[in-house]
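Dumped query-v1.txt below, it's compact mmCIF, C-alpha atoms:
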# COMPACT_ATOMS: atom_id res chain seq x y z
CA MET J 1 129.44 164.32 64.96
CA GLN J 2 129.93 160.53 64.83
CA PHE J 3 131.71 158.83 61.91
CA ARG J 4 131.56 155.17 60.93
CA SER J 5 134.87 153.42 60.22
CA SER J 6 133.97 153.07 56.56
CA LEU J 7 133.54 156.83 56.36
CA LEU J 8 137.18 157.36 57.28
CA ILE J 9 138.22 155.13 54.40
CA ALA J 10 135.94 157.04 52.03
CA ILE J 11 137.40 160.42 53.03
CA GLY J 12 140.81 159.53 51.71
CA SER J 13 139.45 159.03 48.24
CA VAL J 14 137.58 162.36 47.98
CA SER J 15 140.37 164.27 46.28
CA MET J 16 141.12 161.39 43.91
CA LEU J 17 137.48 161.18 42.78
CA ALA J 18 137.29 164.90 42.27
CA ALA J 19 140.47 164.90 40.22
CA CYS J 20 139.34 162.00 38.03
CA SER J 21 135.89 163.40 37.24
CA SER J 22 135.55 165.08 33.87
CA ILE J 23 131.87 165.88 34.34
CA ASP J 24 130.80 169.49 33.95
CA ASN J 25 127.78 169.94 36.16
CA SER J 26 128.23 173.62 36.90
CA GLY J 27 124.78 174.34 35.50
CA THR J 28 122.91 171.87 37.72
CA ALA J 29 120.92 172.91 40.77
CA VAL J 30 122.86 170.46 42.93
CA ALA J 31 126.41 169.67 41.87
CA TYR J 32 127.07 166.01 41.10
CA GLY J 33 128.52 164.00 43.97
CA GLY J 34 128.59 164.68 47.69
CA ASN J 35 130.89 165.27 50.62
CA PRO J 36 130.85 162.68 53.41
CA LEU J 37 132.05 165.31 55.87
CA THR J 38 128.93 167.41 55.36
CA TYR J 39 126.29 164.67 55.24
CA ASP J 40 125.02 165.22 58.79
CA SER J 41 124.65 168.98 58.31
CA SER J 42 123.04 168.50 54.88
CA LEU J 43 120.52 166.06 56.30
CA ASP J 44 119.83 168.34 59.26
CA SER J 45 119.16 171.25 56.85
CA ALA J 46 116.73 169.12 54.89
CA LEU J 47 114.94 167.82 57.97
CA HIS J 48 114.66 171.06 59.91
CA GLY J 49 114.81 173.73 57.24
CA ALA J 50 112.05 175.23 55.15
CA GLU J 51 109.00 173.20 54.20
CA PRO J 52 107.87 173.10 50.55
CA THR J 53 104.59 174.85 49.83
CA THR J 54 103.33 172.29 47.28
CA ALA J 55 102.15 168.72 47.86
CA PHE J 56 104.60 167.49 45.22
CA GLY J 57 107.48 169.31 46.92
CA LYS J 58 106.63 167.81 50.30
CA ASP J 59 106.44 164.29 48.86
CA LEU J 60 109.67 164.69 46.85
CA LYS J 61 111.54 166.09 49.86
CA ALA J 62 110.45 163.07 51.92
CA GLU J 63 111.51 160.68 49.14
CA TYR J 64 115.00 162.22 48.88
CA ILE J 65 115.48 162.26 52.66
CA ALA J 66 114.52 158.58 52.90
CA TYR J 67 116.92 157.68 50.09
CA ALA J 68 119.75 159.70 51.63
CA GLU J 69 119.28 157.94 54.97
CA ARG J 70 119.31 154.51 53.30
CA GLU J 71 122.49 155.37 51.40
CA ALA J 72 124.17 156.29 54.69
CA ASP J 73 122.66 153.83 57.16
CA GLU J 74 122.45 150.67 55.03
CA TRP J 75 125.21 151.05 52.43
CA TYR J 76 127.60 153.55 54.08
CA ASP J 77 127.70 155.56 50.86
CA PHE J 78 128.10 159.01 52.40
CA PHE J 79 128.97 160.65 49.10
CA ASP J 80 125.58 159.93 47.53
CA ALA J 81 123.81 160.26 50.89
CA ASP J 82 125.05 163.85 51.11
CA PHE J 83 124.09 164.47 47.48
CA PHE J 84 120.46 163.41 47.96
CA ALA J 85 120.22 165.19 51.31
CA ARG J 86 121.23 168.41 49.53
CA LYS J 87 118.65 167.74 46.83
CA ALA J 88 116.01 167.43 49.56
CA ALA J 89 117.11 170.77 51.01
CA LYS J 90 116.81 172.41 47.58
CA VAL J 91 113.31 171.01 47.14
CA ALA J 92 112.45 172.42 50.57
CA GLN J 93 113.33 175.88 49.25
CA ASN J 94 110.69 175.47 46.52
CA GLU J 95 113.29 175.12 43.78
CA THR J 96 112.24 173.05 40.78
CA ILE J 97 114.62 170.09 40.93
CA LEU J 98 114.45 168.00 37.76
CA PRO J 99 115.21 164.28 37.46
CA GLU J 100 118.92 163.56 37.13
CA ASP J 101 120.49 164.12 33.71
CA PRO J 102 122.47 160.93 32.91
CA ALA J 103 125.09 163.10 31.16
CA ASN J 104 126.12 164.26 34.65
CA TRP J 105 126.90 160.67 35.64
CA ARG J 106 129.53 158.24 34.43
CA PHE J 107 127.77 156.55 31.49
CA ASP J 108 128.91 156.04 27.94
CA ASP J 109 127.22 157.88 25.07
CA GLN J 110 124.81 155.05 24.25
CA GLU J 111 123.67 154.71 27.86
CA ILE J 112 123.22 158.48 28.11
CA ALA J 113 121.01 158.51 24.99
CA GLN J 114 118.86 155.64 26.28
CA LYS J 115 118.47 157.06 29.77
CA ARG J 116 117.79 160.56 28.48
CA ALA J 117 114.85 159.20 26.49
CA VAL J 118 113.40 157.88 29.76
CA ARG J 119 114.12 161.20 31.50
CA GLU J 120 112.47 163.28 28.81
CA GLU J 121 109.32 161.18 28.96
CA LEU J 122 109.21 161.69 32.73
CA ILE J 123 109.78 165.45 32.48
CA GLY J 124 107.04 165.65 29.85
CA LEU J 125 104.59 164.05 32.27
CA LEU J 126 105.71 166.23 35.18
CA ASP J 127 105.48 169.44 33.18
CA GLY J 128 102.17 168.27 31.72
CA GLY J 129 100.44 168.49 35.08
CA ALA J 130 101.44 165.31 36.93
CA ARG J 131 103.01 167.26 39.80
CA GLU J 132 99.66 168.88 40.53
CA ALA J 133 97.28 166.04 39.63
CA MET J 134 99.12 163.14 41.32
CA PRO J 135 101.84 164.68 43.53
CA ASP J 136 102.66 161.54 45.51
CA VAL J 137 102.95 159.33 42.42
CA ALA J 138 104.93 161.99 40.53
CA ALA J 139 107.37 162.31 43.44
CA THR J 140 107.79 158.53 43.57
CA ALA J 141 108.47 158.44 39.82
CA GLN J 142 111.19 161.11 40.06
CA ALA J 143 112.81 159.58 43.15
CA ARG J 144 112.85 156.06 41.67
CA TYR J 145 114.25 157.38 38.39
CA ASP J 146 117.08 159.09 40.31
CA CYS J 147 117.65 155.87 42.27
CA TRP J 148 117.85 153.93 38.99
CA ILE J 149 120.40 156.41 37.60
CA GLU J 150 122.58 156.40 40.73
CA GLU J 151 122.51 152.64 41.25
CA SER J 152 123.05 151.94 37.53
CA GLU J 153 126.20 154.06 37.58
CA GLU J 154 127.53 152.06 40.54
CA GLY J 155 126.41 148.87 38.82
CA TRP J 156 126.78 146.34 41.63
CA GLN J 157 123.40 146.26 43.43
CA THR J 158 121.51 144.56 40.60
CA ASP J 159 118.48 143.73 42.75
CA LEU J 160 118.15 147.36 43.80
CA ILE J 161 118.57 148.58 40.20
CA THR J 162 115.71 146.30 39.14
CA LYS J 163 113.58 147.34 42.12
CA CYS J 164 114.04 151.06 41.41
CA TRP J 165 113.23 150.54 37.72
CA LYS J 166 110.13 148.47 38.42
CA GLU J 167 108.78 150.97 40.93
CA TYR J 168 109.52 153.76 38.45
CA GLU J 169 107.60 151.91 35.73
CA ASP J 170 104.68 151.32 38.10
CA ALA J 171 104.54 155.03 38.93
CA ILE J 172 104.81 156.05 35.27
CA ALA J 173 101.96 153.70 34.36
CA LYS J 174 99.76 155.46 36.92
CA LEU J 175 100.76 158.89 35.59
CA LYS J 176 99.98 157.80 32.03
CA ALA J 177 96.60 156.26 32.88
CA PRO J 178 93.82 158.37 31.37
CA LYS J 179 91.56 160.16 33.81
CA VAL J 180 88.03 159.03 32.94
CA ALA J 181 84.95 160.49 34.57
CA ALA J 182 82.81 157.85 36.25
CA THR J 183 79.60 156.99 34.43
CA GLU J 184 76.79 154.74 35.50
CA THR J 185 75.80 153.54 32.04
CA GLN J 186 79.06 152.88 30.16
CA PRO J 187 82.16 151.94 32.14
CA MET J 188 85.41 152.41 30.23
CA ALA J 189 87.91 149.62 29.68
CA ALA J 190 91.19 149.91 31.56
CA ALA J 191 94.10 151.36 29.59
CA PRO J 192 96.76 148.91 28.37
CA ARG J 193 99.96 148.65 30.34
CA LEU J 194 102.76 150.15 28.24
CA PHE J 195 106.50 149.48 28.19
CA THR J 196 109.21 150.75 25.83
CA ILE J 197 112.69 149.41 25.13
CA PHE J 198 115.35 151.21 23.11
CA PHE J 199 118.04 149.93 20.73
CA ASP J 200 121.50 150.99 19.65
CA PHE J 201 121.94 152.39 16.14
CA ASP J 202 121.28 149.81 13.41
CA LYS J 203 120.99 147.06 16.05
CA SER J 204 118.29 144.66 17.15
CA GLU J 205 120.06 143.17 20.18
CA ILE J 206 118.54 143.63 23.62
CA THR J 207 120.55 146.01 25.83
CA PRO J 208 121.06 145.51 29.59
CA VAL J 209 118.60 148.34 30.30
CA ALA J 210 116.03 146.80 27.94
CA LYS J 211 116.34 143.45 29.73
CA ARG J 212 115.13 145.07 32.94
CA VAL J 213 112.18 146.62 31.13
CA LEU J 214 111.30 143.23 29.65
CA ASP J 215 111.53 141.68 33.12
CA ALA J 216 109.08 144.29 34.42
CA ALA J 217 106.72 143.72 31.47
CA ALA J 218 106.74 139.96 32.04
CA GLU J 219 106.04 140.44 35.76
CA GLN J 220 103.10 142.71 34.95
CA TRP J 221 101.74 140.16 32.47
CA ALA J 222 102.13 137.32 34.96
CA ALA J 223 100.16 139.27 37.57
CA SER J 224 97.32 139.89 35.12
CA PRO J 225 97.70 138.09 31.76
CA GLY J 226 96.38 139.76 28.64
CA MET J 227 97.08 140.06 24.94
CA VAL J 228 100.56 141.45 24.29
CA THR J 229 101.25 143.65 21.26
CA VAL J 230 104.88 144.23 20.24
CA VAL J 231 105.59 147.01 17.73
CA GLY J 232 109.03 147.58 16.21
CA HIS J 233 110.22 151.05 15.19
CA THR J 234 113.31 152.72 13.72
CA ASP J 235 114.57 156.25 13.31
CA SER J 236 114.60 157.95 9.91
CA SER J 237 118.26 157.24 9.14
CA GLY J 238 118.68 154.90 6.16
CA PRO J 239 116.33 153.68 3.40
CA ALA J 240 112.70 153.13 4.38
CA SER J 241 112.77 149.57 3.00
CA TYR J 242 115.77 148.69 5.16
CA ASN J 243 114.19 150.29 8.23
CA GLN J 244 111.03 148.24 7.74
CA LYS J 245 113.09 145.04 7.96
CA LEU J 246 115.10 146.37 10.90
CA SER J 247 111.94 147.20 12.81
CA GLN J 248 110.72 143.64 12.17
CA ARG J 249 113.97 142.21 13.56
CA ARG J 250 113.58 144.34 16.66
CA ALA J 251 109.99 143.21 17.13
CA ASP J 252 111.06 139.56 16.64
CA THR J 253 113.85 139.94 19.20
CA ALA J 254 111.55 141.55 21.78
CA ALA J 255 108.83 138.93 21.23
CA SER J 256 111.33 136.08 21.64
CA ALA J 257 112.64 137.67 24.85
CA LEU J 258 109.10 137.93 26.22
CA GLU J 259 108.37 134.30 25.33
CA ALA J 260 111.55 133.31 27.17
CA ARG J 261 110.11 135.13 30.20
CA GLY J 262 106.92 133.07 30.15
CA ILE J 263 104.55 134.95 27.85
CA LYS J 264 102.85 132.47 25.52
CA ALA J 265 103.41 132.82 21.77
CA ASP J 266 99.70 132.59 20.99
CA GLY J 267 99.15 135.63 23.21
CA LEU J 268 101.67 137.75 21.32
CA GLU J 269 100.98 139.95 18.33
CA GLU J 270 103.87 141.49 16.39
CA LYS J 271 103.92 144.56 14.17
CA ALA J 272 106.72 146.39 12.36
CA VAL J 273 106.22 149.97 11.23
CA GLY J 274 109.75 150.98 10.27
CA GLU J 275 110.19 154.75 10.34
CA SER J 276 106.51 155.54 9.79
CA ASP J 277 105.60 156.27 13.42
CA LEU J 278 108.38 158.39 14.93
CA LEU J 279 108.20 159.17 18.64
CA ILE J 280 110.32 162.28 17.99
CA PRO J 281 109.50 163.82 14.59
CA THR J 282 112.68 164.39 12.56
CA PRO J 283 113.60 165.03 8.93
CA ASP J 284 114.64 162.05 6.84
CA GLY J 285 118.12 160.71 7.53
CA VAL J 286 118.34 161.74 11.22
CA ARG J 287 119.74 159.39 13.87
CA GLU J 288 117.43 159.81 16.86
CA PRO J 289 117.93 157.31 19.74
CA ARG J 290 114.39 157.71 21.07
CA ASN J 291 112.92 156.54 17.76
CA ARG J 292 114.90 153.27 17.80
CA ARG J 293 112.47 151.36 19.96
CA VAL J 294 109.94 148.59 20.52
CA THR J 295 106.71 149.34 22.34
CA ILE J 296 105.03 146.61 24.38
CA SER J 297 101.34 146.93 25.18
CA ILE J 298 99.62 144.51 27.57
CA ASP J 299 95.83 144.56 27.50
CA ASN J 300 94.05 144.41 30.84

Now, as a test, write the supplied structure out as structure tokens.
Amino acid sequence: MQFRSSLLIAIGSVSMLAACSSIDNSGTAVAYGGNPLTYDSSLDSALHGAEPTTAFGKDLKAEYIAYAEREADEWYDFFDADFFARKAAKVAQNETILPEDPANWRFDDQEIAQKRAVREELIGLLDGGAREAMPDVAATAQARYDCWIEESEEGWQTDLITKCWKEYEDAIAKLKAPKVAATETQPMAAAPRLFTIFFDFDKSEITPVAKRVLDAAAEQWAASPGMVTVVGHTDSSGPASYNQKLSQRRADTAASALEARGIKADGLEEKAVGESDLLIPTPDGVREPRNRRVTISIDN
């Protein structure tokens, strides 16, 4: 087995990282983190072990193997390379490997809530038939989501974080697109391109994660301009009258951010619906992070 010089440096920090981690991931299919000493054997198991029996499994295995090899060969990150190689091996055994739970990574509570909202949307699509209907796109969505989680935790490869997020959004848009039977007499209009940003409790400021979503929305608009509709929402915590105003502030903030990214004001429509259109139905007075959002719809 050959080791790069940077690997020898990494080995010395293994015990320190393990001692500092307070993450309980005992219930996950693949324990958080990796072992640089076992990367080669983990990759070999993934490459030459069992082959998944589903198209989604085959595509997801290939995605994880490619990501593991990039982590090792380009960035010398043998910890995460081993982790994703082991995920590929688990997929090869026909285990259902879900997208990464951000609670198993080193994020604060607000980041976990925001990223979990993204994860739950993805899992909903996967469990709703996306694995079977569009296996290659579904595998790309899961792999790019995991890339976004891993790179966001490290926090230094900003270009790669943005790339993973944009490719995730592109895949999600394809999974969300309605499947319309072809007709000769009445072609259907293309579905709007949808983006969602989330907000901290009782706040209307744009978060770092939301900035990347806005960047992706602006890029999509620039590639094919259309009417943009921005809708502000809140959760059910607090008086309805206050939430109506808060949802308006969130819509205003998002619209201003989109204008700053090149979208013309006369092509923007704003709405504020307060707590009247909850993404996650809750009783009154409940703080639900996934309901604190702005949706951005770009007509084709």

Can you list, as an MDAnalysis selection string, every protein, DNA or RNA residue that comes within 10 Å of segment 42-51 of chain J when you count only C-alpha atoms, leaving out same-chain residues fewer than 6 positions away?
-> chainID J and resid 34:36 57:58 61:62 64:65 68:69 81:94

For Arg193 of chain J, list every protein, DNA or RNA residue within 8 Å, evaluated using only C-alpha atoms, and leave out those in the same chain fewer than 2 positions away; present the list as a ChimeraX atom specification.
-> /J:173,191,195,297-300

Mind checking which residues fall within 12 Å of segment 213-228 of chain J, counting only C-alpha atoms, ignoring those fewer than 4 positions away in the same chain, and posting them as number ranges by chain?
-> J: 118, 161-170, 173, 190-198, 206-209, 251, 253-271, 294-300

Show me, as JSON, the centre and edge lengths in Å to one decimal of the axis-aligned box that covers every listed atom of segment 216-223 of chain J with 3 Å on each side.
{"center_x": 104.6, "center_y": 140.8, "center_z": 34.5, "size_x": 14.9, "size_y": 13.0, "size_z": 12.1}

Distance of atom CA of Thr229 of chain J from atom CA of Gln142 of chain J, expressed in Å to one decimal place = 27.5 Å

Up to 10 Å from (117.6, 152.8, 9.1) in the file's coordinates: name the residues, counting all atoms listed in the file, as a ChimeraX atom specification.
-> /J:201-203,233-247,274-275,284-287,292

Any chance you can output those residues with C-alpha atoms as a PDB file, keeping the file's coordinate frame?
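Here's the written file selection-v6.pdb:
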ATOM      1  CA  PHE J 201     121.940 152.390  16.140  1.00  0.00           C
ATOM      2  CA  ASP J 202     121.280 149.810  13.410  1.00  0.00           C
ATOM      3  CA  LYS J 203     120.990 147.060  16.050  1.00  0.00           C
ATOM      4  CA  HIS J 233     110.220 151.050  15.190  1.00  0.00           C
ATOM      5  CA  THR J 234     113.310 152.720  13.720  1.00  0.00           C
ATOM      6  CA  ASP J 235     114.570 156.250  13.310  1.00  0.00           C
ATOM      7  CA  SER J 236     114.600 157.950   9.910  1.00  0.00           C
ATOM      8  CA  SER J 237     118.260 157.240   9.140  1.00  0.00           C
ATOM      9  CA  GLY J 238     118.680 154.900   6.160  1.00  0.00           C
ATOM     10  CA  PRO J 239     116.330 153.680   3.400  1.00  0.00           C
ATOM     11  CA  ALA J 240     112.700 153.130   4.380  1.00  0.00           C
ATOM     12  CA  SER J 241     112.770 149.570   3.000  1.00  0.00           C
ATOM     13  CA  TYR J 242     115.770 148.690   5.160  1.00  0.00           C
ATOM     14  CA  ASN J 243     114.190 150.290   8.230  1.00  0.00           C
ATOM     15  CA  GLN J 244     111.030 148.240   7.740  1.00  0.00           C
ATOM     16  CA  LYS J 245     113.090 145.040   7.960  1.00  0.00           C
ATOM     17  CA  LEU J 246     115.100 146.370  10.900  1.00  0.00           C
ATOM     18  CA  SER J 247     111.940 147.200  12.810  1.00  0.00           C
ATOM     19  CA  GLY J 274     109.750 150.980  10.270  1.00  0.00           C
ATOM     20  CA  GLU J 275     110.190 154.750  10.340  1.00  0.00           C
ATOM     21  CA  ASP J 284     114.640 162.050   6.840  1.00  0.00           C
ATOM     22  CA  GLY J 285     118.120 160.710   7.530  1.00  0.00           C
ATOM     23  CA  VAL J 286     118.340 161.740  11.220  1.00  0.00           C
ATOM     24  CA  ARG J 287     119.740 159.390  13.870  1.00  0.00           C
ATOM     25  CA  ARG J 292     114.900 153.270  17.800  1.00  0.00           C
TER      26      ARG J 292
END

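Considering the residues J:Lys174, J:Glu205, J:Lys211, J:Glu120 and counting all atoms listed in the file, Leu279 of chain J has its shortest atom-to-atom contact with J:Glu120.
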
For segment 253-284 of chain J, which lacks atoms in the input, supply N, CA and C atoms and format the output as a short mmCIF file (atom, residue, chain, number, x, y, z; two decimals), in the coordinates of the input.
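See out_12.cif below for the written result:
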data_model
loop_
_atom_site.label_atom_id
_atom_site.label_comp_id
_atom_site.auth_asym_id
_atom_site.auth_seq_id
_atom_site.Cartn_x
_atom_site.Cartn_y
_atom_site.Cartn_z
N THR J 253 112.95 140.12 18.06
CA THR J 253 113.85 139.94 19.20
C THR J 253 113.10 140.18 20.51
N ALA J 254 112.30 141.24 20.56
CA ALA J 254 111.55 141.55 21.78
C ALA J 254 110.52 140.46 22.07
N ALA J 255 109.83 139.98 21.03
CA ALA J 255 108.83 138.93 21.23
C ALA J 255 109.48 137.65 21.74
N SER J 256 110.62 137.28 21.18
CA SER J 256 111.33 136.08 21.64
C SER J 256 111.76 136.23 23.10
N ALA J 257 112.22 137.43 23.47
CA ALA J 257 112.64 137.67 24.85
C ALA J 257 111.45 137.57 25.81
N LEU J 258 110.29 138.04 25.38
CA LEU J 258 109.10 137.93 26.22
C LEU J 258 108.63 136.49 26.36
N GLU J 259 108.72 135.72 25.26
CA GLU J 259 108.37 134.30 25.33
C GLU J 259 109.30 133.58 26.30
N ALA J 260 110.59 133.93 26.25
CA ALA J 260 111.55 133.31 27.17
C ALA J 260 111.23 133.64 28.62
N ARG J 261 110.49 134.73 28.85
CA ARG J 261 110.11 135.13 30.20
C ARG J 261 108.72 134.63 30.58
N GLY J 262 108.15 133.74 29.77
CA GLY J 262 106.92 133.07 30.15
C GLY J 262 105.66 133.49 29.44
N ILE J 263 105.74 134.52 28.58
CA ILE J 263 104.55 134.95 27.85
C ILE J 263 104.33 134.01 26.67
N LYS J 264 103.13 133.48 26.53
CA LYS J 264 102.85 132.47 25.52
C LYS J 264 102.81 133.09 24.12
N ALA J 265 103.33 132.33 23.15
CA ALA J 265 103.41 132.82 21.77
C ALA J 265 102.04 133.15 21.20
N ASP J 266 101.03 132.34 21.56
CA ASP J 266 99.70 132.59 20.99
C ASP J 266 99.02 133.82 21.61
N GLY J 267 99.66 134.40 22.62
CA GLY J 267 99.15 135.63 23.21
C GLY J 267 99.93 136.85 22.79
N LEU J 268 100.82 136.66 21.79
CA LEU J 268 101.67 137.75 21.32
C LEU J 268 101.28 138.14 19.90
N GLU J 269 101.19 139.43 19.68
CA GLU J 269 100.98 139.95 18.33
C GLU J 269 102.13 140.89 17.99
N GLU J 270 102.73 140.67 16.82
CA GLU J 270 103.87 141.49 16.39
C GLU J 270 103.48 142.41 15.24
N LYS J 271 104.06 143.61 15.28
CA LYS J 271 103.92 144.56 14.17
C LYS J 271 105.27 145.23 13.94
N ALA J 272 105.50 145.66 12.71
CA ALA J 272 106.72 146.39 12.36
C ALA J 272 106.32 147.58 11.51
N VAL J 273 106.67 148.77 11.95
CA VAL J 273 106.22 149.97 11.23
C VAL J 273 107.38 150.79 10.69
N GLY J 274 108.61 150.28 10.83
CA GLY J 274 109.75 150.98 10.27
C GLY J 274 109.88 152.38 10.83
N GLU J 275 110.02 153.36 9.93
CA GLU J 275 110.19 154.75 10.34
C GLU J 275 108.90 155.55 10.21
N SER J 276 107.77 154.85 10.09
CA SER J 276 106.51 155.54 9.79
C SER J 276 105.82 156.12 11.02
N ASP J 277 106.28 155.79 12.20
CA ASP J 277 105.60 156.27 13.42
C ASP J 277 106.67 156.73 14.40
N LEU J 278 107.28 157.88 14.13
CA LEU J 278 108.38 158.39 14.93
C LEU J 278 107.87 158.96 16.25
N LEU J 279 108.52 158.58 17.35
CA LEU J 279 108.20 159.17 18.64
C LEU J 279 108.61 160.64 18.67
N ILE J 280 109.80 160.92 18.10
CA ILE J 280 110.32 162.28 17.99
C ILE J 280 110.37 162.64 16.52
N PRO J 281 109.49 163.48 16.02
CA PRO J 281 109.50 163.82 14.59
C PRO J 281 110.83 164.42 14.16
N THR J 282 111.41 163.88 13.10
CA THR J 282 112.68 164.39 12.56
C THR J 282 112.60 164.38 11.04
N PRO J 283 113.48 165.16 10.38
CA PRO J 283 113.60 165.03 8.93
C PRO J 283 114.17 163.66 8.57
N ASP J 284 114.09 163.32 7.30
CA ASP J 284 114.64 162.05 6.84
C ASP J 284 116.15 162.04 7.04
#
